[in-house]
Amino acid sequence: MQTPTETEIRNALRAVPFPGLEKDIVSAGAVRSVSVRNGRAHVALLLPTRDPQVREGLRDEVARRLAAAGTLQAEVVVLPPGGRPGTRDPWAGRGRLPGVKRIVAVGAGKGGVGKSTVAANLALALRDLGLRCGVMDADIYGPSIPMILGLEDGAERVELTPDRKILPLEAHGLAVVSFGFFLGPGSPAVWRGPMVAKAVKQFSRGVVWPELDVLVVDLPPGTGDVPLSLAQGVVVDGGLVVTTPQRLAVQEAGKALEMFQKLDVPALGIVENMSVALCACGRRSHPFGRGGGKGLAGQTGVPLLAEIPFDAPVVEGEDRGAPPLIEDPRGTVAAAFAQLAVAVAERLGAVATVGADG
Ligand SMILES: Nc1ncnc2c1ncn2[C@@H]1O[C@H](COP(=O)(O)OP(=O)(O)O)[C@@H](O)[C@H]1O
Ligand SMILES: [Mg+2]
């Protein structure tokens, strides 16, 4: 059998999933080089994680695919994060955003479980702790932060600097930027990987944030291109996953936790949303079942940081820009978010610097 060409090898590697993501290793940028010399194939992989299990597992999988594609002799090397000097490394630009001390990503997981609600109200509760906070709505497919925070006119109001950087808008004391400010009828219905990567990069790097103690990023559902591009572009200090007690949601949250791990983002904790409903008579019910978040915490060792009750007025309030932290700051939902904010701030090592030296 003839040794496959470089193109054939690359095509064969498109069948290898990038661990933790809905992407293959080629389109995720993990295949740094492929060369065939004297009948011998050389493949260099670059992975963001130092986890030896992931690195070795992927190396073995690639070796298997190469053999299946007809390569008799192959050398597969896995480069450490950062890569070799001189190679183009998609993770090389990873740095901190100027003026932003900590970044926490809320996400992945199933759609509709309350990721945006958690992102917005967590930011408000962190603000109540005296931290300067921002929200970056990176849900390119369905940005809902403008509605929740009352910035539905954001597209008309948002301004760019002369060098085309985005100036955040302000809502309830938060600095806010949303993809929703820039998506219009002309934006693509289907975002392809490279477009997402470019958009997320511009979005994370191209914003003039004020000095912030914590920037909360609202991710789209799933384990796709947005979290990958975000983690390649900036250092994300922690990830939170949101689930309801429903089994399907718990399963998706589990995948999200795994994704954070593979992207080298420390998993800070699990938030169970819509866990109990309280009726006016004070009785508790469990509209989505019970114990999902606790079970996931038990399985993964990632702590359950908060259980946010289901409260019907949240829906109506968020539809008109009044999240529970603003609408009902003394209610049970607000109290649960306040507790979450303390746990998150502690884990991030975030400290208020208003009025301090720095
Ligand atoms: N604890 C809660 N109680 C009642 N409604 C909630 C709660 N959390 C979220 N919701 C509502 O559920 C819907 C989906 O929430 P959202 O935050 O947009 O989810 P996601 O970002 O995961 O898609 C919204 O209408 C929101 O107002
Ligand atoms: Mg959302």
# chains A, B, ... in the order shown; residues from 1 in each chain; ligands from 1
call {"tool": "closest_atom_pairs", "arguments": {"of": "chain A", "to": "ligand 1", "cutoff": "6 Å", "atoms": "only C-alpha atoms and all ligand atoms", "output": "Markdown table"}}
result
| residue | atom | partner | partner_atom_place_in_ligand_line | distance |
| --- | --- | --- | --- | --- |
| A:Gly111 | CA | ligand 1 | 23 (O) | 4.2 |
| A:Gly112 | CA | ligand 1 | 23 (O) | 3.3 |
| A:Val113 | CA | ligand 1 | 22 (O) | 4.1 |
| A:Gly114 | CA | ligand 1 | 19 (O) | 3.2 |
| A:Lys115 | CA | ligand 1 | 22 (O) | 3.7 |
| A:Ser116 | CA | ligand 1 | 21 (O) | 3.7 |
| A:Thr117 | CA | ligand 1 | 17 (O) | 3.6 |
| A:Asn273 | CA | ligand 1 | 1 (N) | 5.4 |
| A:Met274 | CA | ligand 1 | 1 (N) | 4.5 |
| A:Ile308 | CA | ligand 1 | 1 (N) | 5.5 |
| A:Pro309 | CA | ligand 1 | 1 (N) | 5.1 |
| A:Phe310 | CA | ligand 1 | 3 (N) | 3.6 |
| A:Asp311 | CA | ligand 1 | 3 (N) | 4.0 |
| A:Ala312 | CA | ligand 1 | 4 (C) | 4.7 |
| A:Val314 | CA | ligand 1 | 4 (C) | 4.7 |
| A:Val315 | CA | ligand 1 | 27 (O) | 3.5 |
| A:Glu318 | CA | ligand 1 | 27 (O) | 5.2 |
call {"tool": "write_last_selection", "arguments": {"atoms": "N, CA, C and O atoms", "output": "compact mmCIF listing (two decimals), in the first residue's frame"}}
result
# COMPACT_ATOMS: atom_id res chain seq x y z
N GLY A 111 -29.68 24.60 26.01
CA GLY A 111 -30.37 25.88 25.82
C GLY A 111 -31.57 25.98 26.75
O GLY A 111 -32.21 24.98 27.05
N GLY A 112 -31.83 27.18 27.24
CA GLY A 112 -33.03 27.42 28.02
C GLY A 112 -32.93 27.05 29.50
O GLY A 112 -33.91 27.17 30.22
N VAL A 113 -31.75 26.63 29.96
CA VAL A 113 -31.64 26.25 31.38
C VAL A 113 -31.42 27.46 32.28
O VAL A 113 -31.54 27.37 33.50
N GLY A 114 -31.10 28.60 31.66
CA GLY A 114 -30.92 29.82 32.46
C GLY A 114 -29.49 30.33 32.48
O GLY A 114 -29.11 31.06 33.41
N LYS A 115 -28.72 30.02 31.47
CA LYS A 115 -27.33 30.50 31.44
C LYS A 115 -27.27 32.03 31.45
O LYS A 115 -26.50 32.63 32.20
N SER A 116 -28.10 32.65 30.59
CA SER A 116 -28.06 34.11 30.50
C SER A 116 -28.59 34.75 31.78
O SER A 116 -28.07 35.77 32.23
N THR A 117 -29.61 34.12 32.34
CA THR A 117 -30.15 34.60 33.61
C THR A 117 -29.07 34.55 34.69
O THR A 117 -28.88 35.49 35.46
N ASN A 273 -30.32 25.60 38.39
CA ASN A 273 -31.36 26.62 38.27
C ASN A 273 -32.73 25.96 38.19
O ASN A 273 -32.85 24.82 37.77
N MET A 274 -33.73 26.70 38.59
CA MET A 274 -35.13 26.23 38.60
C MET A 274 -35.23 24.95 39.43
O MET A 274 -35.92 24.00 39.05
N ILE A 308 -30.78 27.82 42.48
CA ILE A 308 -31.62 29.00 42.25
C ILE A 308 -33.05 28.52 42.10
O ILE A 308 -33.34 27.70 41.23
N PRO A 309 -33.96 29.03 42.94
CA PRO A 309 -35.34 28.55 42.83
C PRO A 309 -36.01 29.00 41.53
O PRO A 309 -35.61 29.99 40.94
N PHE A 310 -37.02 28.26 41.13
CA PHE A 310 -37.87 28.69 40.03
C PHE A 310 -38.84 29.72 40.58
O PHE A 310 -39.46 29.51 41.62
N ASP A 311 -38.94 30.84 39.88
CA ASP A 311 -39.84 31.88 40.35
C ASP A 311 -40.47 32.52 39.11
O ASP A 311 -39.79 33.18 38.32
N ALA A 312 -41.78 32.27 38.93
CA ALA A 312 -42.45 32.67 37.69
C ALA A 312 -42.23 34.14 37.30
O ALA A 312 -42.02 34.44 36.13
N VAL A 314 -39.74 35.87 37.32
CA VAL A 314 -38.43 36.09 36.68
C VAL A 314 -38.61 36.22 35.16
O VAL A 314 -38.02 37.08 34.52
N VAL A 315 -39.44 35.36 34.60
CA VAL A 315 -39.64 35.34 33.15
C VAL A 315 -40.16 36.70 32.68
O VAL A 315 -39.59 37.33 31.78
N GLU A 318 -37.59 39.59 33.20
CA GLU A 318 -36.45 39.58 32.27
C GLU A 318 -36.89 39.96 30.86
O GLU A 318 -36.09 40.46 30.08
call {"tool": "residues_near_ligand", "arguments": {"ligand": "ligand 2", "cutoff": "10 Å", "atoms": "only C-alpha atoms and all ligand atoms", "output": "list in words"}}
result
Val106, Gly107, Ala108, Lys110, Gly111, Gly112, Val113, Gly114, Lys115, Ser116, Thr117, Val118, Ala119, Ala120, Asp137, Ala138, Asp139, Ile140, Tyr141, Gly142, Pro143, Ser144, Ile145, Ile148, Asp218, Leu219, Pro220 and Pro221 of chain A
call {"tool": "write_last_selection", "arguments": {"atoms": "N, CA, C and O atoms", "output": "compact mmCIF listing (two decimals), in the first residue's frame"}}
result
# COMPACT_ATOMS: atom_id res chain seq x y z
N VAL A 106 -19.84 31.61 31.80
CA VAL A 106 -21.01 30.87 32.23
C VAL A 106 -21.51 30.11 31.03
O VAL A 106 -21.82 30.70 30.01
N GLY A 107 -21.53 28.78 31.14
CA GLY A 107 -22.01 28.24 29.92
C GLY A 107 -22.01 26.80 29.74
O GLY A 107 -22.05 26.03 30.64
N ALA A 108 -21.99 26.80 28.44
CA ALA A 108 -22.32 25.68 27.61
C ALA A 108 -23.60 25.07 28.12
O ALA A 108 -24.49 25.80 28.53
N LYS A 110 -27.26 22.98 28.11
CA LYS A 110 -28.45 22.94 27.27
C LYS A 110 -29.05 24.35 27.13
O LYS A 110 -28.94 25.15 28.04
N GLY A 111 -29.68 24.60 26.01
CA GLY A 111 -30.37 25.88 25.82
C GLY A 111 -31.57 25.98 26.75
O GLY A 111 -32.21 24.98 27.05
N GLY A 112 -31.83 27.18 27.24
CA GLY A 112 -33.03 27.42 28.02
C GLY A 112 -32.93 27.05 29.50
O GLY A 112 -33.91 27.17 30.22
N VAL A 113 -31.75 26.63 29.96
CA VAL A 113 -31.64 26.25 31.38
C VAL A 113 -31.42 27.46 32.28
O VAL A 113 -31.54 27.37 33.50
N GLY A 114 -31.10 28.60 31.66
CA GLY A 114 -30.92 29.82 32.46
C GLY A 114 -29.49 30.33 32.48
O GLY A 114 -29.11 31.06 33.41
N LYS A 115 -28.72 30.02 31.47
CA LYS A 115 -27.33 30.50 31.44
C LYS A 115 -27.27 32.03 31.45
O LYS A 115 -26.50 32.63 32.20
N SER A 116 -28.10 32.65 30.59
CA SER A 116 -28.06 34.11 30.50
C SER A 116 -28.59 34.75 31.78
O SER A 116 -28.07 35.77 32.23
N THR A 117 -29.61 34.12 32.34
CA THR A 117 -30.15 34.60 33.61
C THR A 117 -29.07 34.55 34.69
O THR A 117 -28.88 35.49 35.46
N VAL A 118 -28.33 33.44 34.73
CA VAL A 118 -27.27 33.31 35.73
C VAL A 118 -26.15 34.31 35.44
O VAL A 118 -25.66 34.98 36.36
N ALA A 119 -25.77 34.47 34.17
CA ALA A 119 -24.68 35.40 33.85
C ALA A 119 -25.05 36.83 34.29
O ALA A 119 -24.27 37.50 34.97
N ALA A 120 -26.26 37.26 33.93
CA ALA A 120 -26.67 38.64 34.23
C ALA A 120 -26.81 38.87 35.74
O ALA A 120 -26.30 39.86 36.29
N ASP A 137 -21.76 39.22 26.28
CA ASP A 137 -22.73 38.24 25.79
C ASP A 137 -22.16 37.65 24.51
O ASP A 137 -22.22 38.25 23.44
N ALA A 138 -21.60 36.46 24.63
CA ALA A 138 -20.94 35.82 23.48
C ALA A 138 -21.85 34.78 22.84
O ALA A 138 -21.38 33.91 22.12
N ASP A 139 -23.15 34.87 23.12
CA ASP A 139 -24.07 33.93 22.48
C ASP A 139 -24.41 34.44 21.09
O ASP A 139 -25.34 35.21 20.89
N ILE A 140 -23.61 34.00 20.14
CA ILE A 140 -23.72 34.48 18.77
C ILE A 140 -25.02 33.99 18.12
O ILE A 140 -25.53 34.60 17.19
N TYR A 141 -25.55 32.89 18.64
CA TYR A 141 -26.74 32.29 18.02
C TYR A 141 -28.05 32.84 18.59
O TYR A 141 -29.06 32.82 17.91
N GLY A 142 -28.02 33.29 19.84
CA GLY A 142 -29.27 33.79 20.42
C GLY A 142 -28.99 34.69 21.61
O GLY A 142 -29.29 34.35 22.74
N PRO A 143 -28.39 35.86 21.34
CA PRO A 143 -28.02 36.74 22.46
C PRO A 143 -29.25 37.25 23.19
O PRO A 143 -30.14 37.82 22.56
N SER A 144 -29.33 37.02 24.50
CA SER A 144 -30.51 37.48 25.21
C SER A 144 -30.18 38.50 26.30
O SER A 144 -31.07 39.03 26.95
N ILE A 145 -28.89 38.79 26.47
CA ILE A 145 -28.50 39.78 27.49
C ILE A 145 -29.11 41.17 27.22
O ILE A 145 -29.54 41.83 28.16
N ILE A 148 -32.55 41.03 28.77
CA ILE A 148 -32.55 40.85 30.22
C ILE A 148 -32.08 42.12 30.94
O ILE A 148 -32.61 42.49 31.98
N ASP A 218 -21.25 35.26 28.89
CA ASP A 218 -22.39 34.39 28.66
C ASP A 218 -22.16 33.60 27.38
O ASP A 218 -22.06 34.19 26.31
N LEU A 219 -22.02 32.29 27.49
CA LEU A 219 -21.71 31.45 26.33
C LEU A 219 -22.99 30.90 25.72
O LEU A 219 -23.99 30.73 26.40
N PRO A 220 -22.94 30.57 24.42
CA PRO A 220 -24.09 29.89 23.82
C PRO A 220 -24.17 28.46 24.33
O PRO A 220 -23.21 27.94 24.90
N PRO A 221 -25.31 27.80 24.10
CA PRO A 221 -25.41 26.39 24.50
C PRO A 221 -24.44 25.53 23.71
O PRO A 221 -24.01 25.91 22.62
call {"tool": "closest_residue", "arguments": {"among": "A:Glu75, A:Glu56, A:Glu170, A:Asp213", "to": "Arg40 in chain A", "atoms": "only C-alpha atoms"}}
result
A:Glu75
call {"tool": "residues_around", "arguments": {"residues": "Ala297 in chain A", "least_positions_apart": "4", "cutoff": "12 Å", "atoms": "only C-alpha atoms", "output": "list in words"}}
result
Val241, Val242, Thr243, Val250, Gln251, Ala253, Gly254, Leu257, Ala267, Leu268, Gly269, Ile270, Val271, Glu272, Gly291, Gly292, Gly293, Gly301, Val302, Pro303, Leu304, Leu305 and Ala306 of chain A
call {"tool": "write_last_selection", "arguments": {"atoms": "N, CA, C and O atoms", "output": "tab-separated table (two decimals), in the first residue's frame"}}
result
chain	number	residue	atom	x	y	z
A	241	VAL	N	-21.00	25.95	35.07
A	241	VAL	CA	-22.01	25.35	34.23
A	241	VAL	C	-23.36	25.42	34.93
A	241	VAL	O	-23.45	25.33	36.15
A	242	VAL	N	-24.37	25.63	34.11
A	242	VAL	CA	-25.73	25.77	34.62
A	242	VAL	C	-26.54	24.57	34.17
A	242	VAL	O	-26.45	24.14	33.02
A	243	THR	N	-27.29	24.02	35.10
A	243	THR	CA	-28.17	22.92	34.76
A	243	THR	C	-29.50	23.11	35.48
A	243	THR	O	-29.60	23.89	36.42
A	250	VAL	N	-28.65	17.86	32.89
A	250	VAL	CA	-27.49	17.44	33.69
A	250	VAL	C	-26.43	16.81	32.79
A	250	VAL	O	-25.24	17.08	32.91
A	251	GLN	N	-26.91	16.01	31.84
A	251	GLN	CA	-26.00	15.36	30.90
A	251	GLN	C	-25.23	16.40	30.08
A	251	GLN	O	-24.01	16.29	29.91
A	253	ALA	N	-24.67	19.47	30.92
A	253	ALA	CA	-23.78	20.21	31.82
A	253	ALA	C	-22.50	19.41	32.07
A	253	ALA	O	-21.41	19.96	32.18
A	254	GLY	N	-22.65	18.09	32.14
A	254	GLY	CA	-21.48	17.22	32.31
A	254	GLY	C	-20.51	17.38	31.15
A	254	GLY	O	-19.29	17.48	31.33
A	257	LEU	N	-18.68	20.64	31.49
A	257	LEU	CA	-17.58	20.58	32.47
A	257	LEU	C	-16.34	19.96	31.85
A	257	LEU	O	-15.22	20.44	32.03
A	267	ALA	N	-12.86	24.54	36.22
A	267	ALA	CA	-14.31	24.48	36.48
A	267	ALA	C	-14.56	24.96	37.90
A	267	ALA	O	-14.15	24.32	38.86
A	268	LEU	N	-15.20	26.11	38.04
A	268	LEU	CA	-15.41	26.69	39.37
A	268	LEU	C	-16.56	26.01	40.09
A	268	LEU	O	-16.53	25.84	41.30
A	269	GLY	N	-17.59	25.67	39.33
A	269	GLY	CA	-18.73	25.08	40.03
A	269	GLY	C	-19.92	24.90	39.13
A	269	GLY	O	-19.94	25.29	37.96
A	270	ILE	N	-20.93	24.27	39.75
A	270	ILE	CA	-22.19	23.96	39.08
A	270	ILE	C	-23.27	24.84	39.70
A	270	ILE	O	-23.27	25.06	40.91
A	271	VAL	N	-24.15	25.36	38.87
A	271	VAL	CA	-25.31	26.10	39.37
A	271	VAL	C	-26.55	25.34	38.94
A	271	VAL	O	-26.72	25.06	37.76
A	272	GLU	N	-27.36	24.98	39.91
A	272	GLU	CA	-28.62	24.34	39.54
A	272	GLU	C	-29.70	25.41	39.54
A	272	GLU	O	-29.94	26.07	40.55
A	291	GLY	N	-32.33	17.08	42.54
A	291	GLY	CA	-31.04	16.46	42.83
A	291	GLY	C	-30.05	16.40	41.68
A	291	GLY	O	-28.96	15.87	41.82
A	292	GLY	N	-30.42	16.96	40.50
A	292	GLY	CA	-29.54	16.85	39.33
A	292	GLY	C	-28.18	17.47	39.55
A	292	GLY	O	-27.14	16.86	39.26
A	293	GLY	N	-28.18	18.69	40.07
A	293	GLY	CA	-26.92	19.39	40.28
A	293	GLY	C	-26.05	18.69	41.31
A	293	GLY	O	-24.83	18.56	41.16
A	301	GLY	N	-16.91	15.83	41.22
A	301	GLY	CA	-16.09	16.49	42.22
A	301	GLY	C	-16.08	18.01	42.07
A	301	GLY	O	-15.39	18.70	42.81
A	302	VAL	N	-16.86	18.53	41.12
A	302	VAL	CA	-16.97	19.99	40.98
A	302	VAL	C	-18.10	20.44	41.89
A	302	VAL	O	-19.19	19.86	41.87
A	303	PRO	N	-17.87	21.45	42.73
A	303	PRO	CA	-18.88	21.77	43.74
A	303	PRO	C	-20.16	22.39	43.17
A	303	PRO	O	-20.12	23.10	42.16
A	304	LEU	N	-21.26	22.07	43.81
A	304	LEU	CA	-22.54	22.72	43.50
A	304	LEU	C	-22.56	24.03	44.29
A	304	LEU	O	-22.58	24.02	45.53
A	305	LEU	N	-22.51	25.16	43.60
A	305	LEU	CA	-22.34	26.44	44.30
A	305	LEU	C	-23.66	27.10	44.69
A	305	LEU	O	-23.69	27.89	45.62
A	306	ALA	N	-24.71	26.80	43.95
A	306	ALA	CA	-25.99	27.44	44.29
A	306	ALA	C	-27.14	26.68	43.68
A	306	ALA	O	-26.99	26.01	42.65
call {"tool": "closest_residue", "arguments": {"among": "A:Gly224, A:Pro146, A:Gly39, A:Gly134", "to": "Gly20 in chain A", "atoms": "only C-alpha atoms"}}
result
A:Gly224
call {"tool": "decode", "arguments": {"residues": "range 46-69 of chain A", "atoms": "N, CA, C and O atoms", "output": "PDB file, in the first residue's frame"}}
result
ATOM      1  N   LEU A  46      -0.964  20.012  18.633  1.00  0.00           N
ATOM      2  CA  LEU A  46      -0.786  21.014  19.674  1.00  0.00           C
ATOM      3  C   LEU A  46      -2.075  21.073  20.474  1.00  0.00           C
ATOM      4  O   LEU A  46      -3.140  21.310  19.922  1.00  0.00           O
ATOM      5  N   LEU A  47      -1.970  20.808  21.761  1.00  0.00           N
ATOM      6  CA  LEU A  47      -3.179  20.767  22.590  1.00  0.00           C
ATOM      7  C   LEU A  47      -3.085  21.796  23.694  1.00  0.00           C
ATOM      8  O   LEU A  47      -1.993  22.057  24.205  1.00  0.00           O
ATOM      9  N   PRO A  48      -4.234  22.369  24.063  1.00  0.00           N
ATOM     10  CA  PRO A  48      -4.192  23.387  25.099  1.00  0.00           C
ATOM     11  C   PRO A  48      -3.992  22.807  26.489  1.00  0.00           C
ATOM     12  O   PRO A  48      -3.718  23.523  27.439  1.00  0.00           O
ATOM     13  N   THR A  49      -4.169  21.519  26.634  1.00  0.00           N
ATOM     14  CA  THR A  49      -4.149  20.963  27.979  1.00  0.00           C
ATOM     15  C   THR A  49      -2.862  20.203  28.267  1.00  0.00           C
ATOM     16  O   THR A  49      -2.253  19.641  27.376  1.00  0.00           O
ATOM     17  N   ARG A  50      -2.476  20.213  29.540  1.00  0.00           N
ATOM     18  CA  ARG A  50      -1.311  19.433  29.958  1.00  0.00           C
ATOM     19  C   ARG A  50      -1.723  18.080  30.518  1.00  0.00           C
ATOM     20  O   ARG A  50      -0.881  17.307  30.946  1.00  0.00           O
ATOM     21  N   ASP A  51      -3.012  17.813  30.535  1.00  0.00           N
ATOM     22  CA  ASP A  51      -3.517  16.562  31.082  1.00  0.00           C
ATOM     23  C   ASP A  51      -2.935  15.382  30.286  1.00  0.00           C
ATOM     24  O   ASP A  51      -3.248  15.198  29.116  1.00  0.00           O
ATOM     25  N   PRO A  52      -2.073  14.568  30.919  1.00  0.00           N
ATOM     26  CA  PRO A  52      -1.392  13.505  30.162  1.00  0.00           C
ATOM     27  C   PRO A  52      -2.367  12.494  29.574  1.00  0.00           C
ATOM     28  O   PRO A  52      -2.125  11.942  28.508  1.00  0.00           O
ATOM     29  N   GLN A  53      -3.488  12.276  30.270  1.00  0.00           N
ATOM     30  CA  GLN A  53      -4.458  11.295  29.780  1.00  0.00           C
ATOM     31  C   GLN A  53      -5.033  11.742  28.435  1.00  0.00           C
ATOM     32  O   GLN A  53      -5.162  10.962  27.506  1.00  0.00           O
ATOM     33  N   VAL A  54      -5.369  13.021  28.356  1.00  0.00           N
ATOM     34  CA  VAL A  54      -5.928  13.561  27.118  1.00  0.00           C
ATOM     35  C   VAL A  54      -4.876  13.522  26.022  1.00  0.00           C
ATOM     36  O   VAL A  54      -5.132  13.111  24.888  1.00  0.00           O
ATOM     37  N   ARG A  55      -3.661  13.924  26.383  1.00  0.00           N
ATOM     38  CA  ARG A  55      -2.598  14.015  25.380  1.00  0.00           C
ATOM     39  C   ARG A  55      -2.249  12.639  24.815  1.00  0.00           C
ATOM     40  O   ARG A  55      -2.156  12.452  23.609  1.00  0.00           O
ATOM     41  N   GLU A  56      -2.110  11.668  25.713  1.00  0.00           N
ATOM     42  CA  GLU A  56      -1.747  10.334  25.232  1.00  0.00           C
ATOM     43  C   GLU A  56      -2.892   9.673  24.484  1.00  0.00           C
ATOM     44  O   GLU A  56      -2.680   9.013  23.461  1.00  0.00           O
ATOM     45  N   GLY A  57      -4.112   9.892  25.001  1.00  0.00           N
ATOM     46  CA  GLY A  57      -5.280   9.311  24.337  1.00  0.00           C
ATOM     47  C   GLY A  57      -5.383   9.803  22.905  1.00  0.00           C
ATOM     48  O   GLY A  57      -5.618   9.024  21.976  1.00  0.00           O
ATOM     49  N   LEU A  58      -5.157  11.085  22.711  1.00  0.00           N
ATOM     50  CA  LEU A  58      -5.277  11.654  21.368  1.00  0.00           C
ATOM     51  C   LEU A  58      -4.136  11.180  20.471  1.00  0.00           C
ATOM     52  O   LEU A  58      -4.337  10.878  19.297  1.00  0.00           O
ATOM     53  N   ARG A  59      -2.951  11.091  21.050  1.00  0.00           N
ATOM     54  CA  ARG A  59      -1.814  10.621  20.256  1.00  0.00           C
ATOM     55  C   ARG A  59      -2.082   9.203  19.741  1.00  0.00           C
ATOM     56  O   ARG A  59      -1.872   8.898  18.565  1.00  0.00           O
ATOM     57  N   ASP A  60      -2.601   8.334  20.628  1.00  0.00           N
ATOM     58  CA  ASP A  60      -2.887   6.960  20.225  1.00  0.00           C
ATOM     59  C   ASP A  60      -3.976   6.903  19.167  1.00  0.00           C
ATOM     60  O   ASP A  60      -3.901   6.140  18.218  1.00  0.00           O
ATOM     61  N   GLU A  61      -5.000   7.757  19.357  1.00  0.00           N
ATOM     62  CA  GLU A  61      -6.103   7.775  18.401  1.00  0.00           C
ATOM     63  C   GLU A  61      -5.606   8.208  17.014  1.00  0.00           C
ATOM     64  O   GLU A  61      -5.978   7.628  15.996  1.00  0.00           O
ATOM     65  N   VAL A  62      -4.749   9.222  16.990  1.00  0.00           N
ATOM     66  CA  VAL A  62      -4.205   9.697  15.712  1.00  0.00           C
ATOM     67  C   VAL A  62      -3.354   8.602  15.065  1.00  0.00           C
ATOM     68  O   VAL A  62      -3.459   8.344  13.864  1.00  0.00           O
ATOM     69  N   ALA A  63      -2.558   7.922  15.870  1.00  0.00           N
ATOM     70  CA  ALA A  63      -1.726   6.842  15.331  1.00  0.00           C
ATOM     71  C   ALA A  63      -2.606   5.754  14.714  1.00  0.00           C
ATOM     72  O   ALA A  63      -2.312   5.220  13.645  1.00  0.00           O
ATOM     73  N   ARG A  64      -3.728   5.445  15.393  1.00  0.00           N
ATOM     74  CA  ARG A  64      -4.660   4.434  14.855  1.00  0.00           C
ATOM     75  C   ARG A  64      -5.232   4.881  13.513  1.00  0.00           C
ATOM     76  O   ARG A  64      -5.310   4.108  12.573  1.00  0.00           O
ATOM     77  N   ARG A  65      -5.632   6.154  13.440  1.00  0.00           N
ATOM     78  CA  ARG A  65      -6.222   6.666  12.190  1.00  0.00           C
ATOM     79  C   ARG A  65      -5.199   6.640  11.061  1.00  0.00           C
ATOM     80  O   ARG A  65      -5.535   6.378   9.920  1.00  0.00           O
ATOM     81  N   LEU A  66      -3.969   6.959  11.402  1.00  0.00           N
ATOM     82  CA  LEU A  66      -2.925   6.961  10.375  1.00  0.00           C
ATOM     83  C   LEU A  66      -2.720   5.540   9.844  1.00  0.00           C
ATOM     84  O   LEU A  66      -2.602   5.330   8.637  1.00  0.00           O
ATOM     85  N   ALA A  67      -2.728   4.586  10.768  1.00  0.00           N
ATOM     86  CA  ALA A  67      -2.548   3.195  10.347  1.00  0.00           C
ATOM     87  C   ALA A  67      -3.717   2.769   9.464  1.00  0.00           C
ATOM     88  O   ALA A  67      -3.539   2.151   8.412  1.00  0.00           O
ATOM     89  N   ALA A  68      -4.950   3.170   9.879  1.00  0.00           N
ATOM     90  CA  ALA A  68      -6.140   2.796   9.111  1.00  0.00           C
ATOM     91  C   ALA A  68      -6.109   3.420   7.719  1.00  0.00           C
ATOM     92  O   ALA A  68      -6.646   2.877   6.765  1.00  0.00           O
ATOM     93  N   ALA A  69      -5.467   4.612   7.622  1.00  0.00           N
ATOM     94  CA  ALA A  69      -5.400   5.291   6.330  1.00  0.00           C
ATOM     95  C   ALA A  69      -4.277   4.729   5.458  1.00  0.00           C
ATOM     96  O   ALA A  69      -4.064   5.192   4.351  1.00  0.00           O
TER      97      ALA A  69
END
